[in-house]
Structure formats: C-alpha cells, structure tokens
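What follows is the content of structure_2.pdb (PDB, C-alpha atoms and all ligand atoms).
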MODEL        1
ATOM      1  CA  MET U  18       0.000   0.000   0.000  1.00  0.00           C
ATOM      2  CA  GLN U  19       1.342   3.444  -0.862  1.00  0.00           C
ATOM      3  CA  ASP U  20       1.189   6.450   1.452  1.00  0.00           C
ATOM      4  CA  SER U  21      -1.176   8.242  -0.901  1.00  0.00           C
ATOM      5  CA  ASP U  22      -3.741   5.454  -0.381  1.00  0.00           C
ATOM      6  CA  GLN U  23      -3.957   6.331   3.308  1.00  0.00           C
ATOM      7  CA  VAL U  24      -3.971  10.117   3.094  1.00  0.00           C
ATOM      8  CA  PRO U  25      -7.465  11.622   3.224  1.00  0.00           C
ATOM      9  CA  GLU U  26      -8.417  14.150   0.588  1.00  0.00           C
ATOM     10  CA  GLY U  27      -7.173  17.671   1.211  1.00  0.00           C
ATOM     11  CA  PHE U  28      -4.244  16.696   3.432  1.00  0.00           C
ATOM     12  CA  GLU U  29      -0.803  17.812   2.259  1.00  0.00           C
ATOM     13  CA  LYS U  30       2.526  16.277   3.205  1.00  0.00           C
ATOM     14  CA  VAL U  31       4.402  18.784   5.378  1.00  0.00           C
ATOM     15  CA  CYS U  32       7.463  17.117   6.907  1.00  0.00           C
ATOM     16  CA  LEU U  33       8.728  14.109   8.795  1.00  0.00           C
ATOM     17  CA  LEU U  34       7.698  13.845  12.421  1.00  0.00           C
ATOM     18  CA  SER U  35      11.375  13.427  13.296  1.00  0.00           C
ATOM     19  CA  GLU U  36      12.010  16.952  11.944  1.00  0.00           C
ATOM     20  CA  LEU U  37       9.767  18.530  14.613  1.00  0.00           C
ATOM     21  CA  GLN U  38      11.687  19.221  17.802  1.00  0.00           C
ATOM     22  CA  PRO U  39       9.715  18.294  20.927  1.00  0.00           C
ATOM     23  CA  GLY U  40       8.433  21.391  22.723  1.00  0.00           C
ATOM     24  CA  LYS U  41       9.181  23.662  19.763  1.00  0.00           C
ATOM     25  CA  GLY U  42       7.469  25.203  16.785  1.00  0.00           C
ATOM     26  CA  SER U  43       8.404  25.107  13.104  1.00  0.00           C
ATOM     27  CA  ARG U  44       7.313  27.261  10.178  1.00  0.00           C
ATOM     28  CA  PHE U  45       5.926  25.884   6.910  1.00  0.00           C
ATOM     29  CA  ILE U  46       4.040  27.100   3.869  1.00  0.00           C
ATOM     30  CA  VAL U  47       1.130  24.795   3.059  1.00  0.00           C
ATOM     31  CA  ASN U  48      -1.262  25.662   0.241  1.00  0.00           C
ATOM     32  CA  ASP U  49       0.258  29.155   0.179  1.00  0.00           C
ATOM     33  CA  GLU U  50      -0.599  29.679   3.839  1.00  0.00           C
ATOM     34  CA  GLU U  51       1.791  30.278   6.730  1.00  0.00           C
ATOM     35  CA  VAL U  52       1.486  27.371   9.150  1.00  0.00           C
ATOM     36  CA  ALA U  53       3.148  26.831  12.532  1.00  0.00           C
ATOM     37  CA  LEU U  54       3.505  23.227  13.673  1.00  0.00           C
ATOM     38  CA  PHE U  55       4.135  22.500  17.338  1.00  0.00           C
ATOM     39  CA  ASN U  56       5.288  19.170  18.722  1.00  0.00           C
ATOM     40  CA  ILE U  57       3.999  19.353  22.289  1.00  0.00           C
ATOM     41  CA  GLY U  58       3.586  16.456  24.690  1.00  0.00           C
ATOM     42  CA  GLY U  59       3.784  13.877  21.908  1.00  0.00           C
ATOM     43  CA  LYS U  60       1.081  15.556  19.807  1.00  0.00           C
ATOM     44  CA  VAL U  61       1.430  17.765  16.727  1.00  0.00           C
ATOM     45  CA  TYR U  62      -0.678  20.908  16.458  1.00  0.00           C
ATOM     46  CA  ALA U  63      -1.054  23.151  13.425  1.00  0.00           C
ATOM     47  CA  LEU U  64      -1.996  26.803  13.727  1.00  0.00           C
ATOM     48  CA  ASP U  65      -1.952  29.862  11.535  1.00  0.00           C
ATOM     49  CA  ASN U  66       1.578  31.265  11.803  1.00  0.00           C
ATOM     50  CA  VAL U  67       0.486  34.898  11.478  1.00  0.00           C
ATOM     51  CA  CYS U  68      -0.235  36.651  14.763  1.00  0.00           C
ATOM     52  CA  PRO U  69      -3.417  38.736  14.483  1.00  0.00           C
ATOM     53  CA  HIS U  70      -1.910  41.475  16.672  1.00  0.00           C
ATOM     54  CA  GLN U  71       0.607  42.877  14.192  1.00  0.00           C
ATOM     55  CA  HIS U  72       0.108  40.386  11.378  1.00  0.00           C
ATOM     56  CA  SER U  73       3.604  39.001  11.857  1.00  0.00           C
ATOM     57  CA  PRO U  74       4.528  35.437  10.764  1.00  0.00           C
ATOM     58  CA  ILE U  75       6.191  34.584  14.071  1.00  0.00           C
ATOM     59  CA  ILE U  76       3.844  32.295  15.977  1.00  0.00           C
ATOM     60  CA  TYR U  77       6.155  29.307  15.247  1.00  0.00           C
ATOM     61  CA  ASN U  78       8.743  31.028  17.415  1.00  0.00           C
ATOM     62  CA  GLY U  79       6.382  31.246  20.377  1.00  0.00           C
ATOM     63  CA  TYR U  80       6.521  29.123  23.481  1.00  0.00           C
ATOM     64  CA  GLU U  81       4.088  26.712  25.042  1.00  0.00           C
ATOM     65  CA  ASP U  82       2.506  27.710  28.315  1.00  0.00           C
ATOM     66  CA  ASP U  83      -0.228  25.518  29.834  1.00  0.00           C
ATOM     67  CA  ASN U  84      -1.639  24.345  26.467  1.00  0.00           C
ATOM     68  CA  PHE U  85      -1.425  27.819  24.981  1.00  0.00           C
ATOM     69  CA  ILE U  86       1.149  29.220  22.589  1.00  0.00           C
ATOM     70  CA  ALA U  87       2.415  32.651  23.512  1.00  0.00           C
ATOM     71  CA  CYS U  88       3.430  34.940  20.661  1.00  0.00           C
ATOM     72  CA  PRO U  89       7.118  35.825  21.050  1.00  0.00           C
ATOM     73  CA  ALA U  90       6.543  39.520  20.324  1.00  0.00           C
ATOM     74  CA  HIS U  91       4.016  40.695  22.923  1.00  0.00           C
ATOM     75  CA  GLY U  92       2.799  37.507  24.539  1.00  0.00           C
ATOM     76  CA  TRP U  93      -0.710  37.154  23.152  1.00  0.00           C
ATOM     77  CA  ARG U  94      -1.770  33.596  23.933  1.00  0.00           C
ATOM     78  CA  PHE U  95      -3.643  31.119  21.751  1.00  0.00           C
ATOM     79  CA  SER U  96      -5.014  27.676  22.594  1.00  0.00           C
ATOM     80  CA  LEU U  97      -3.118  24.854  20.915  1.00  0.00           C
ATOM     81  CA  GLU U  98      -6.392  22.961  20.447  1.00  0.00           C
ATOM     82  CA  THR U  99      -8.737  25.723  19.269  1.00  0.00           C
ATOM     83  CA  GLY U 100      -6.532  28.716  18.424  1.00  0.00           C
ATOM     84  CA  LYS U 101      -8.755  30.881  20.638  1.00  0.00           C
ATOM     85  CA  LYS U 102      -7.476  33.424  23.127  1.00  0.00           C
ATOM     86  CA  PRO U 103      -7.789  32.640  26.859  1.00  0.00           C
ATOM     87  CA  ASP U 104     -11.044  34.637  27.037  1.00  0.00           C
ATOM     88  CA  GLY U 105     -12.517  32.398  24.308  1.00  0.00           C
ATOM     89  CA  THR U 106     -12.494  35.006  21.563  1.00  0.00           C
ATOM     90  CA  ARG U 107     -11.196  34.354  18.077  1.00  0.00           C
ATOM     91  CA  GLY U 108      -7.450  34.088  17.682  1.00  0.00           C
ATOM     92  CA  LEU U 109      -5.702  31.798  15.222  1.00  0.00           C
ATOM     93  CA  THR U 110      -7.081  29.312  12.729  1.00  0.00           C
ATOM     94  CA  THR U 111      -6.181  25.722  13.582  1.00  0.00           C
ATOM     95  CA  TYR U 112      -5.711  22.959  11.014  1.00  0.00           C
ATOM     96  CA  PRO U 113      -6.251  19.184  11.197  1.00  0.00           C
ATOM     97  CA  VAL U 114      -3.061  17.118  11.432  1.00  0.00           C
ATOM     98  CA  MET U 115      -2.475  13.448  10.625  1.00  0.00           C
ATOM     99  CA  ILE U 116       0.662  11.415  11.096  1.00  0.00           C
ATOM    100  CA  ILE U 117       1.040   8.436   8.810  1.00  0.00           C
ATOM    101  CA  GLU U 118       4.109   6.265   9.036  1.00  0.00           C
ATOM    102  CA  GLY U 119       6.246   9.045  10.479  1.00  0.00           C
ATOM    103  CA  THR U 120       5.132  11.704   8.003  1.00  0.00           C
ATOM    104  CA  VAL U 121       3.105  14.738   9.073  1.00  0.00           C
ATOM    105  CA  TYR U 122       0.170  15.786   6.903  1.00  0.00           C
ATOM    106  CA  CYS U 123      -1.934  18.880   7.349  1.00  0.00           C
ATOM    107  CA  LYS U 124      -5.210  20.060   5.852  1.00  0.00           C
ATOM    108  CA  VAL U 125      -4.999  23.770   5.118  1.00  0.00           C
ATOM    109  CA  ILE U 126      -7.778  25.582   3.356  1.00  0.00           C
ATOM    110  CA  PRO U 127      -6.418  28.780   1.793  1.00  0.00           C
ATOM    111  CA  LYS U 128      -7.931  32.015   3.040  1.00  0.00           C
ATOM    112  CA  LYS U 129     -10.208  33.803   0.660  1.00  0.00           C
ATOM    113  CA  PHE U 130      -9.923  37.500   0.174  1.00  0.00           C
ATOM    114  CA  ASN U 131     -12.782  39.745  -0.787  1.00  0.00           C
ATOM    115  CA  TRP U 132     -11.199  42.569  -2.706  1.00  0.00           C
TER     116      TRP U 132
HETATM  117  S1  LIG A 201       2.703  40.442  17.264  1.00  0.00           S
HETATM  118 FE1  LIG A 201       1.925  38.729  18.389  1.00  0.00          FE
HETATM  119  S2  LIG A 201       1.365  39.585  20.298  1.00  0.00           S
HETATM  120 FE2  LIG A 201       2.098  41.274  19.169  1.00  0.00          FE
ENDMDL
END
As structure tokens, what does this structure read like?
Ligand code: FES
Amino acid sequence: MQDSDQVPEGFEKVCLLSELQPGKGSRFIVNDEEVALFNIGGKVYALDNVCPHQHSPIIYNGYEDDNFIACPAHGWRFSLETGKKPDGTRGLTTYPVMIIEGTVYCKVIPKKFNW
C-alpha cells in the first residue's frame, strides 16, 4: 500500500515527524498559507503562523505555556487545540493534522480575500 492510499483528501505532506523538535514550533508554507507546527507532549498541532496582533509570521517562534502558545513579540496567547485566546475570543485558525508512518500531513484551506 502506498502512502497516498492512506492520506485523506485535502491533506498535504508537510514534513517528517522526526524533523519537529519536541516542545518547539516550526514554520511551513502549506497551500500558500503560513502554518506553525508545534510538537507538544507527543502531539502535533497546526496553527496559523500569522499573529493577528501585528500580522507578523512569528507564531512558530512562540513558546508553550499551559496548552497555549504565547506569541514571542508581545505575549498574546492562543489555545493549541482551538486557536482561541484565553477569554474564548477568536485568535488563530487551527488545522487538522495526521501522522502516517512518520510523516506529518496537514489540511490547510487557503484564506479567501474579498477585494
Ligand atoms: S505580534 Fe503577536 S502579540 Fe504582538
């Protein structure tokens, strides 16, 4: 069986799980979108890499704090699971992640702009 037989529609290959440092974030472009992957507690999370505060692509450089990721610039915090801020308001988009035979796949739907 080939990998592609197991990968659900819409998921893109991002990297090898072994490339994600435990406790750290990494930056990727998936479907033209900035994505931050975090390898935390044996689970991989995918969030929008662009902080909504100053629209900077730096979330991957943030640090984990009690299941939240804190932006490295000014400390805004976002849930690893939902992307929401601690008060429950909208924060970052999160993306589904699958790991198949040591490869990380992510489903990223490109943002649409209304010009
Ligand atoms: S740029 Fe992220 S908190 Fe300011």
Could you list the residues chosen by the PyMOL selection byres (((chain U and resi 99-115) around 9) and not hetatm) in this structure as a PDB file with C-alpha atoms, in the coordinates of the input?
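Wrote it out as part-v4.pdb, contents follow:
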ATOM      1  CA  VAL U  24      -3.971  10.117   3.094  1.00  0.00           C
ATOM      2  CA  PHE U  28      -4.244  16.696   3.432  1.00  0.00           C
ATOM      3  CA  VAL U  52       1.486  27.371   9.150  1.00  0.00           C
ATOM      4  CA  VAL U  61       1.430  17.765  16.727  1.00  0.00           C
ATOM      5  CA  TYR U  62      -0.678  20.908  16.458  1.00  0.00           C
ATOM      6  CA  ALA U  63      -1.054  23.151  13.425  1.00  0.00           C
ATOM      7  CA  LEU U  64      -1.996  26.803  13.727  1.00  0.00           C
ATOM      8  CA  ASP U  65      -1.952  29.862  11.535  1.00  0.00           C
ATOM      9  CA  ASN U  66       1.578  31.265  11.803  1.00  0.00           C
ATOM     10  CA  VAL U  67       0.486  34.898  11.478  1.00  0.00           C
ATOM     11  CA  CYS U  68      -0.235  36.651  14.763  1.00  0.00           C
ATOM     12  CA  PRO U  69      -3.417  38.736  14.483  1.00  0.00           C
ATOM     13  CA  PHE U  85      -1.425  27.819  24.981  1.00  0.00           C
ATOM     14  CA  ILE U  86       1.149  29.220  22.589  1.00  0.00           C
ATOM     15  CA  TRP U  93      -0.710  37.154  23.152  1.00  0.00           C
ATOM     16  CA  ARG U  94      -1.770  33.596  23.933  1.00  0.00           C
ATOM     17  CA  PHE U  95      -3.643  31.119  21.751  1.00  0.00           C
ATOM     18  CA  SER U  96      -5.014  27.676  22.594  1.00  0.00           C
ATOM     19  CA  LEU U  97      -3.118  24.854  20.915  1.00  0.00           C
ATOM     20  CA  GLU U  98      -6.392  22.961  20.447  1.00  0.00           C
ATOM     21  CA  ILE U 116       0.662  11.415  11.096  1.00  0.00           C
ATOM     22  CA  ILE U 117       1.040   8.436   8.810  1.00  0.00           C
ATOM     23  CA  THR U 120       5.132  11.704   8.003  1.00  0.00           C
ATOM     24  CA  VAL U 121       3.105  14.738   9.073  1.00  0.00           C
ATOM     25  CA  TYR U 122       0.170  15.786   6.903  1.00  0.00           C
ATOM     26  CA  CYS U 123      -1.934  18.880   7.349  1.00  0.00           C
ATOM     27  CA  LYS U 124      -5.210  20.060   5.852  1.00  0.00           C
ATOM     28  CA  VAL U 125      -4.999  23.770   5.118  1.00  0.00           C
ATOM     29  CA  ILE U 126      -7.778  25.582   3.356  1.00  0.00           C
TER      30      ILE U 126
END
Check your understanding: Looking at all atoms listed in the file, which of U:Asn84, U:Gly119, U:Asp22, U:Ile76 is the one that sits closest to Leu37 (chain U)?
Key ->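 Looking only at the distances to Leu37 (chain U), the closest residue turns out to be U:Gly119.
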Exercise for review: Dump as a VMD selection string all residues having an atom at most 6 Å from (7.4, 21.0, 21.4), computed in the file's coordinates with only C-alpha atoms.
Suggested key: chain U and resid 38 to 41 55 to 57
Practice item. Please measure the separation of CA of Lys30 (chain U) and CA of Lys129 (chain U), giving the value in Å to one decimal. Key: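 Pair CA of Lys30 (chain U) / CA of Lys129 (chain U) returns 21.8 Å.
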**Study point:** Non-local contacts of Phe45 (chain U) (8 Å; all atoms listed in the file; under 3 positions in same chain excluded) as a count of residues only
**Key:** 5
Point to revise | Within 6 Å of ligand LIG 201 (chain A) (all atoms listed in the file), residues as a ChimeraX atom specification | key: /U:68,70-71,73,88,90-93
Check your understanding: Looking at U:Ile46, U:Leu34, U:Pro89, U:Ile75, which one is nearest to Lys60 (chain U), with distances taken over all atoms listed in the file?
Key -> U:Leu34
Check your understanding: Taking only C-alpha atoms into account, which of U:Glu50, U:Glu118, U:Pro127, U:Ser35 comes nearest Pro74 (chain U)?
Key -> U:Glu50
Check your understanding: What is the CA of Gly27 (chain U) to CA of Glu81 (chain U) distance in Å?
Key -> 27.9 Å
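Atom pair CA of Tyr77 (chain U) / CA of Asp49 (chain U) has a distance of 16.2 Å (rounded to one decimal).
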Exercise for review: Have a look at U:Gly59, U:Gly42, U:Glu26, U:Glu36 and name the one nearest to Ala87 (chain U); count only C-alpha atoms.
Suggested key: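 The answer is U:Gly42, which sits nearest to Ala87 (chain U).
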